[in-house]
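Written out below as structure tokens is the structure these notes cover.
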Amino acid sequence: MDNQFPAVKTATPGGKSPPDLQSNFCSFQPYSEEESLEKAVEERHLLNSVTWPETPLIPVNFTLKQTSDPAHSTFTILPGGGEWRVGDHLKIIIQVKDFEGHPKTSGGDFIVARLHNPKLGAGVAGQVVDLLNGSYSAVFPLLWNGSAEVEVTLVHSSEAVTVLRRLNREQPDRIYFQSVFRSGSVSETTTCNICLRPNKQPICNYTDLHTGEPWFCFKPKKLSCDARISHFSGIFKENLRKNEKELFKSHVNMKVSIPALGSPSVLVLPKKEGYNEKNNSVVSPGPTGYYYQNVWRALGGTTVHQFNSSSAITECLKGKVIHLYGDSTIRQWFDHLRDALPDLKEFNLHSLKQPGPFMALDYPNNIMVTFRCHGPPIRILNVQTSQLHYIANELDNVVGGSNTVIVIGIWAHFGNFPIDIYIRRLQTIRRAVMHLLDRAPGTLVIIRTANLKDLTLLGSFSNSDWYSLQQDKVLRAVFKGINVHLVDAWEMTLAHHLPHNLHPQPPIIKNMINVVLSYICPKRGG
């Protein structure tokens, strides 16, 4: 969508002006000539990593009758050769049907699955595969003795995915942001966004000079672009077509369990003597970990130790500087550490509760923990523009070294935008991470993935699990091969028995912190 609006350049430190952007509805600073080919190839690869099957077109006057219905759908556990043993894999077939009970003949539904035993505090995520014909398979590793029950959930019908795709393509500005401009007694408020729908108003261009991250506001009528002082999120602009709300109904067709045809459980026996795991068919990619006795256990890589006392955590963090950057799901980790360590005292920076920044210090043990929210887009009640820092710029100012830990979590505020915008943000962060690791190789970098959440009608249009899944896949692809460590929040929320929540409940957070501490102190625990 072409837009011939005039770009108004803002004054910046040193008198420099931001580079001009192409005047598109959603614009990016163009790559440099030497970067363009490499980045174009990578972007194609990343977009391929989130390719989703075709989903049905939705007629103007559609009804739910021919759409996916979890109540009519079923799953079946496939025979396992007479018995199930630890080390085997359990496979199921899911048949999706519509509200009239007819089998669907195409794919595109968003389905998640887990295997669990509540009494044992055990759970593992299943790997779901779309067979593109209305059927889906899911595979689970059998990791504990005793009962193992399958749970399958239709998160969104294929028809709902059609709507979610269209919204990000046509209405990336459906959540709008605002800024206050003030000079003396004169104050004005205008609309801001990455994707700023064109009109005849001039634009203030706040594209970051260093990262190229775009941000625009409509220029105030009386004040200059330099007078911008604060940022806050506006409201959701609902612009759905007729009956589309019907595709996002809790307890009907959104995040609803699919029943089993037959028993949903199997009894898992211990491994056979002489069992060789290499001889068993390996499912790839498999889960990264699982819960047993409510404790997260990794299925590869760093062993997860239990840090069950404040003294064990303090001993691990002694002499460390931990910088946390991201959204409120990372702020949860700051809060957890502050509350878990009696000697870690928050230093009052007189910051607002949501955005921070925050700092906590333990002087005797030489520990410092900081949190700073990421730069726009960020849906937040109010924050001074001086406190909106891009993570890449923050990383470029970190000295780093063996006593420095960087923790990054950025995903929850990007769901309503085209995935390209999230890809660009991750690329700028990756570049900064690589520069940091080049100049200070001993720096530990940890990245938190997206997680599942509770879904409402409006929540689906901004933070649907379907959007989060795309972000999760892209993040893993962007940082593949880089010396960073992941905390798999996606699987840690999917495999757990607690309800999904944007901000996972304390037992899940404690397990996540144990993963972080295990990366920092791989030989400790207690």
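Order determines the names: the first chain of the structure tokens is A, the second B, and so forth; residues in each chain are numbered 1 upward, and ligands are numbered 1 upward as they are shown.
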What are the closest atom pairs, with distances in Å to one decimal, for all residues of stretch 368-441 of chain A lying within 12 Å of stretch 177-187 of chain A? Consider only C-alpha atoms, order rows by chain and residue number, and present the result as a Markdown table.
| residue | atom | partner | partner_atom | distance |
| --- | --- | --- | --- | --- |
| A:Pro376 | CA | A:Phe177 | CA | 9.5 |
| A:Pro377 | CA | A:Phe177 | CA | 8.3 |
| A:Ile378 | CA | A:Phe177 | CA | 8.6 |
| A:Arg379 | CA | A:Phe177 | CA | 7.7 |
| A:Ile380 | CA | A:Phe177 | CA | 9.2 |
| A:Leu381 | CA | A:Phe177 | CA | 10.1 |
| A:Asn382 | CA | A:Ser179 | CA | 9.2 |
| A:Val383 | CA | A:Ser179 | CA | 9.5 |
| A:Gln384 | CA | A:Ser179 | CA | 9.3 |
| A:Thr385 | CA | A:Ser179 | CA | 8.6 |
| A:His413 | CA | A:Phe177 | CA | 11.8 |
Given only C-alpha atoms, how would the per-residue table for stretch 287-394 of chain A near stretch 424-431 of chain A read, listing every residue at most 9 Å away with its closest atom pair and distance in Å to one decimal, sorted by chain and number, as JSON lines?
{"residue": "A:Tyr390", "atom": "CA", "partner": "A:Ile429", "partner_atom": "CA", "distance": 8.7}
{"residue": "A:Ile391", "atom": "CA", "partner": "A:Ile429", "partner_atom": "CA", "distance": 6.5}
{"residue": "A:Ala392", "atom": "CA", "partner": "A:Ile429", "partner_atom": "CA", "distance": 4.7}
{"residue": "A:Asn393", "atom": "CA", "partner": "A:Ile429", "partner_atom": "CA", "distance": 8.5}
Do you know which residues are at most 12 Å from stretch 76-89 of chain A counting only C-alpha atoms, after dropping those on the same chain fewer than 2 positions away, and could you put them as JSON, numbers by chain? {"A": [73, 74, 91, 92, 93, 94, 95, 96, 115, 124, 126, 127, 135, 136, 137, 138, 139, 140, 141, 142, 143, 144, 145, 146, 147, 148, 149, 150, 151, 152, 258, 259, 260, 261, 262, 263, 264, 265, 266, 267, 268, 269, 270, 271, 272, 273, 275, 276, 277, 278, 279, 280, 281, 282, 283, 284, 286, 287]}
Mind dumping the selected residues with C-alpha atoms as a compact mmCIF listing (two decimals), in the first residue's frame?
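part_32.txt, written as the output of this step:
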# COMPACT_ATOMS: atom_id res chain seq x y z
CA SER A 73 -13.45 -34.47 16.55
CA THR A 74 -11.60 -37.42 18.07
CA LYS A 91 1.59 -42.22 18.46
CA ILE A 92 -1.95 -40.96 18.03
CA ILE A 93 -4.13 -39.98 15.08
CA ILE A 94 -6.47 -37.00 15.37
CA GLN A 95 -9.51 -36.72 13.10
CA VAL A 96 -11.02 -33.26 12.92
CA LEU A 115 1.14 -36.59 27.62
CA VAL A 124 5.73 -33.80 28.08
CA GLY A 126 3.72 -33.91 21.85
CA GLN A 127 4.96 -33.24 18.33
CA SER A 135 -6.14 -35.73 10.06
CA TYR A 136 -3.15 -35.05 12.29
CA SER A 137 -0.62 -37.28 13.99
CA ALA A 138 1.10 -36.64 17.31
CA VAL A 139 4.04 -38.46 18.86
CA PHE A 140 5.16 -38.56 22.50
CA PRO A 141 8.26 -40.11 24.08
CA LEU A 142 7.41 -42.40 26.99
CA LEU A 143 9.57 -41.13 29.85
CA TRP A 144 8.10 -42.47 33.10
CA ASN A 145 6.63 -45.68 34.53
CA GLY A 146 2.91 -45.82 35.22
CA SER A 147 -0.11 -44.20 33.66
CA ALA A 148 0.34 -41.72 30.81
CA GLU A 149 -2.72 -39.85 29.58
CA VAL A 150 -2.98 -38.03 26.25
CA GLU A 151 -4.56 -34.58 26.10
CA VAL A 152 -5.28 -32.97 22.71
CA ILE A 258 -10.69 -33.07 21.67
CA PRO A 259 -12.09 -36.31 23.16
CA ALA A 260 -10.51 -39.73 22.77
CA LEU A 261 -12.06 -42.51 20.72
CA GLY A 262 -11.31 -45.29 23.15
CA SER A 263 -9.03 -44.91 26.14
CA PRO A 264 -6.92 -41.73 26.38
CA SER A 265 -4.33 -43.51 28.58
CA VAL A 266 -1.71 -46.23 28.42
CA LEU A 267 0.19 -48.05 31.14
CA VAL A 268 3.94 -47.64 30.68
CA LEU A 269 6.20 -50.42 31.95
CA PRO A 270 9.89 -50.03 32.88
CA LYS A 271 12.54 -50.38 30.21
CA LYS A 272 13.41 -53.90 29.17
CA GLU A 273 16.75 -55.27 30.30
CA TYR A 275 17.26 -51.91 26.08
CA ASN A 276 19.32 -49.86 23.65
CA GLU A 277 17.84 -46.46 22.97
CA LYS A 278 19.68 -46.24 19.66
CA ASN A 279 17.63 -49.15 18.36
CA ASN A 280 14.37 -47.36 19.05
CA SER A 281 12.89 -45.16 16.34
CA VAL A 282 13.85 -41.61 17.20
CA VAL A 283 11.35 -38.83 16.66
CA SER A 284 12.96 -35.68 15.32
CA GLY A 286 11.69 -34.26 19.83
CA PRO A 287 10.84 -32.34 22.98
Can you list, as number ranges by chain, every protein, DNA or RNA residue that comes within 9 Å of stretch 162-175 of chain A when you count only C-alpha atoms, leaving out same-chain residues fewer than 6 positions away? A: 26, 54-58, 108, 193-197, 233-240, 244, 247, 379, 415-419, 460-462, 464, 466-467
The selected residues should be written to file as a compact mmCIF listing (two decimals), in the first residue's frame (atoms: N, CA, C and O atoms).
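part34.txt, freshly written:
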# COMPACT_ATOMS: atom_id res chain seq x y z
N CYS A 26 3.66 -0.21 6.22
CA CYS A 26 4.63 -0.77 7.17
C CYS A 26 6.00 -0.67 6.52
O CYS A 26 6.26 -1.35 5.54
N GLU A 54 -2.41 -24.20 3.73
CA GLU A 54 -3.51 -23.35 3.26
C GLU A 54 -4.73 -23.54 4.14
O GLU A 54 -5.04 -24.66 4.55
N THR A 55 -5.39 -22.45 4.44
CA THR A 55 -6.62 -22.52 5.23
C THR A 55 -7.78 -22.03 4.38
O THR A 55 -7.59 -21.29 3.42
N PRO A 56 -9.00 -22.45 4.72
CA PRO A 56 -10.14 -22.18 3.83
C PRO A 56 -10.52 -20.70 3.77
O PRO A 56 -10.41 -19.97 4.76
N LEU A 57 -10.94 -20.28 2.59
CA LEU A 57 -11.54 -18.95 2.45
C LEU A 57 -12.87 -18.95 3.19
O LEU A 57 -13.56 -19.96 3.26
N ILE A 58 -13.21 -17.80 3.75
CA ILE A 58 -14.44 -17.72 4.55
C ILE A 58 -15.47 -16.89 3.80
O ILE A 58 -15.26 -15.70 3.57
N GLY A 108 -4.64 -27.28 8.44
CA GLY A 108 -4.55 -25.88 8.85
C GLY A 108 -5.07 -25.59 10.23
O GLY A 108 -4.96 -24.45 10.70
N ASN A 193 2.84 4.37 15.61
CA ASN A 193 2.91 2.95 15.29
C ASN A 193 4.11 2.67 14.40
O ASN A 193 4.71 3.60 13.85
N ILE A 194 4.44 1.39 14.26
CA ILE A 194 5.35 0.99 13.18
C ILE A 194 4.60 1.10 11.86
O ILE A 194 5.09 1.62 10.87
N CYS A 195 3.39 0.57 11.87
CA CYS A 195 2.52 0.59 10.70
C CYS A 195 1.49 1.70 10.92
O CYS A 195 0.49 1.49 11.60
N LEU A 196 1.77 2.86 10.39
CA LEU A 196 0.91 4.02 10.60
C LEU A 196 0.10 4.26 9.34
O LEU A 196 0.64 4.64 8.30
N ARG A 197 -1.19 4.02 9.45
CA ARG A 197 -2.06 4.10 8.27
C ARG A 197 -2.06 5.53 7.73
O ARG A 197 -2.31 6.48 8.47
N SER A 233 -0.11 2.73 25.19
CA SER A 233 -0.89 1.99 24.21
C SER A 233 -2.33 2.46 24.25
O SER A 233 -2.87 2.80 25.31
N GLY A 234 -2.95 2.47 23.09
CA GLY A 234 -4.35 2.83 22.99
C GLY A 234 -5.21 1.60 23.12
O GLY A 234 -4.90 0.68 23.90
N ILE A 235 -6.24 1.52 22.35
CA ILE A 235 -7.17 0.40 22.46
C ILE A 235 -7.17 -0.42 21.17
O ILE A 235 -6.63 -0.01 20.15
N PHE A 236 -7.81 -1.57 21.27
CA PHE A 236 -7.95 -2.44 20.11
C PHE A 236 -9.09 -1.94 19.23
O PHE A 236 -10.19 -1.69 19.70
N LYS A 237 -8.79 -1.77 17.96
CA LYS A 237 -9.81 -1.33 17.00
C LYS A 237 -10.38 -2.58 16.31
O LYS A 237 -9.73 -3.18 15.47
N GLU A 238 -11.57 -2.94 16.72
CA GLU A 238 -12.16 -4.17 16.19
C GLU A 238 -12.80 -3.90 14.84
O GLU A 238 -13.61 -3.01 14.69
N ASN A 239 -12.38 -4.68 13.87
CA ASN A 239 -12.92 -4.51 12.52
C ASN A 239 -13.07 -5.89 11.88
O ASN A 239 -12.41 -6.21 10.90
N LEU A 240 -13.93 -6.69 12.49
CA LEU A 240 -14.13 -8.06 11.99
C LEU A 240 -15.28 -8.11 11.00
O LEU A 240 -16.20 -7.30 11.04
N GLU A 244 -17.40 -13.47 12.17
CA GLU A 244 -16.05 -13.97 12.46
C GLU A 244 -15.80 -14.17 13.95
O GLU A 244 -14.99 -15.02 14.34
N LEU A 247 -15.85 -17.71 15.48
CA LEU A 247 -14.71 -18.63 15.36
C LEU A 247 -13.79 -18.58 16.57
O LEU A 247 -12.82 -19.34 16.64
N ARG A 379 3.02 -2.53 24.49
CA ARG A 379 1.70 -2.15 25.00
C ARG A 379 1.82 -1.95 26.50
O ARG A 379 1.94 -2.90 27.27
N GLY A 415 2.60 -9.74 18.35
CA GLY A 415 1.65 -10.66 17.73
C GLY A 415 0.77 -10.04 16.67
O GLY A 415 0.38 -10.72 15.71
N ASN A 416 0.44 -8.76 16.81
CA ASN A 416 -0.50 -8.14 15.86
C ASN A 416 0.18 -7.55 14.64
O ASN A 416 -0.46 -6.86 13.85
N PHE A 417 1.48 -7.82 14.47
CA PHE A 417 2.22 -7.29 13.32
C PHE A 417 2.62 -8.42 12.37
O PHE A 417 2.72 -9.58 12.79
N PRO A 418 2.87 -8.10 11.11
CA PRO A 418 3.42 -9.11 10.20
C PRO A 418 4.71 -9.68 10.78
O PRO A 418 5.49 -8.95 11.41
N ILE A 419 4.95 -10.95 10.58
CA ILE A 419 6.10 -11.62 11.17
C ILE A 419 7.42 -11.00 10.71
O ILE A 419 8.43 -11.07 11.41
N SER A 460 -7.00 -13.04 21.44
CA SER A 460 -6.61 -13.81 20.25
C SER A 460 -6.13 -12.91 19.13
O SER A 460 -5.27 -13.29 18.34
N PHE A 461 -6.69 -11.72 19.04
CA PHE A 461 -6.35 -10.84 17.94
C PHE A 461 -5.06 -10.08 18.16
O PHE A 461 -4.57 -9.40 17.27
N SER A 462 -4.51 -10.18 19.36
CA SER A 462 -3.23 -9.51 19.62
C SER A 462 -2.15 -10.50 20.04
O SER A 462 -0.99 -10.36 19.66
N SER A 464 -2.60 -14.21 20.14
CA SER A 464 -3.00 -15.60 19.95
C SER A 464 -1.80 -16.54 20.04
O SER A 464 -0.69 -16.19 19.64
N TRP A 466 -1.34 -18.84 18.18
CA TRP A 466 -0.90 -19.09 16.80
C TRP A 466 0.17 -18.08 16.40
O TRP A 466 1.18 -18.43 15.79
N TYR A 467 -0.03 -16.82 16.77
CA TYR A 467 1.01 -15.81 16.52
C TYR A 467 2.27 -16.15 17.30
O TYR A 467 3.39 -16.06 16.80
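Minimum distance to A:Ile203 across A:Lys119, A:Lys221, A:Lys39, A:Arg44 (counting only C-alpha atoms) occurs at A:Lys221.
Proximity of A:Cys204, A:Val516, A:Ser250, A:Arg228 to A:Leu317, computed with only C-alpha atoms, is greatest for A:Val516.
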Give me the residues near A:Asn133 as a list in words, where near means some atom within 6 Å (using only C-alpha atoms) and where sequence neighbours in that chain fewer than 3 positions away do not count. Thr105, Ser106 and Gly107 of chain A
Output N, CA, C and O atoms for every residue in the selection just made, as a PDB file, in the first residue's frame.
ATOM      1  N   THR A 105     -11.549 -32.307   5.316  1.00  0.00           N
ATOM      2  CA  THR A 105     -10.708 -32.899   4.264  1.00  0.00           C
ATOM      3  C   THR A 105      -9.458 -32.075   3.977  1.00  0.00           C
ATOM      4  O   THR A 105      -8.709 -32.379   3.058  1.00  0.00           O
ATOM      5  N   SER A 106      -9.242 -31.037   4.747  1.00  0.00           N
ATOM      6  CA  SER A 106      -8.037 -30.218   4.579  1.00  0.00           C
ATOM      7  C   SER A 106      -7.466 -29.883   5.943  1.00  0.00           C
ATOM      8  O   SER A 106      -8.130 -30.046   6.970  1.00  0.00           O
ATOM      9  N   GLY A 107      -6.210 -29.431   5.970  1.00  0.00           N
ATOM     10  CA  GLY A 107      -5.526 -29.155   7.232  1.00  0.00           C
ATOM     11  C   GLY A 107      -5.613 -27.691   7.638  1.00  0.00           C
ATOM     12  O   GLY A 107      -6.520 -26.968   7.246  1.00  0.00           O
TER      13      GLY A 107
END
Could you check which of A:Phe248, A:Trp490, A:Phe110, A:Phe307 is closest to A:Leu457, using only C-alpha atoms?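 Among the listed residues, A:Phe248 lies closest to A:Leu457.
Nearest to A:Pro364 of all the residues A:His305, A:His389, A:Lys345, A:Arg331 is A:Lys345, counting only C-alpha atoms.
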Distance criterion (only C-alpha atoms): nearest to A:Lys255 out of A:Gly401, A:Pro507, A:Pro70, A:Pro118: A:Pro70
Test item: residues at most 12 Å from A:Leu517, only C-alpha atoms, excluding those fewer than 2 positions along its chain, as a VMD selection string: chain A and resid 302 to 308 312 to 318 320 322 333 337 405 407 444 446 485 487 510 to 515 519 to 526
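Atom CA of A:Leu458 is positioned 28.1 Å from atom CA of A:Phe334.
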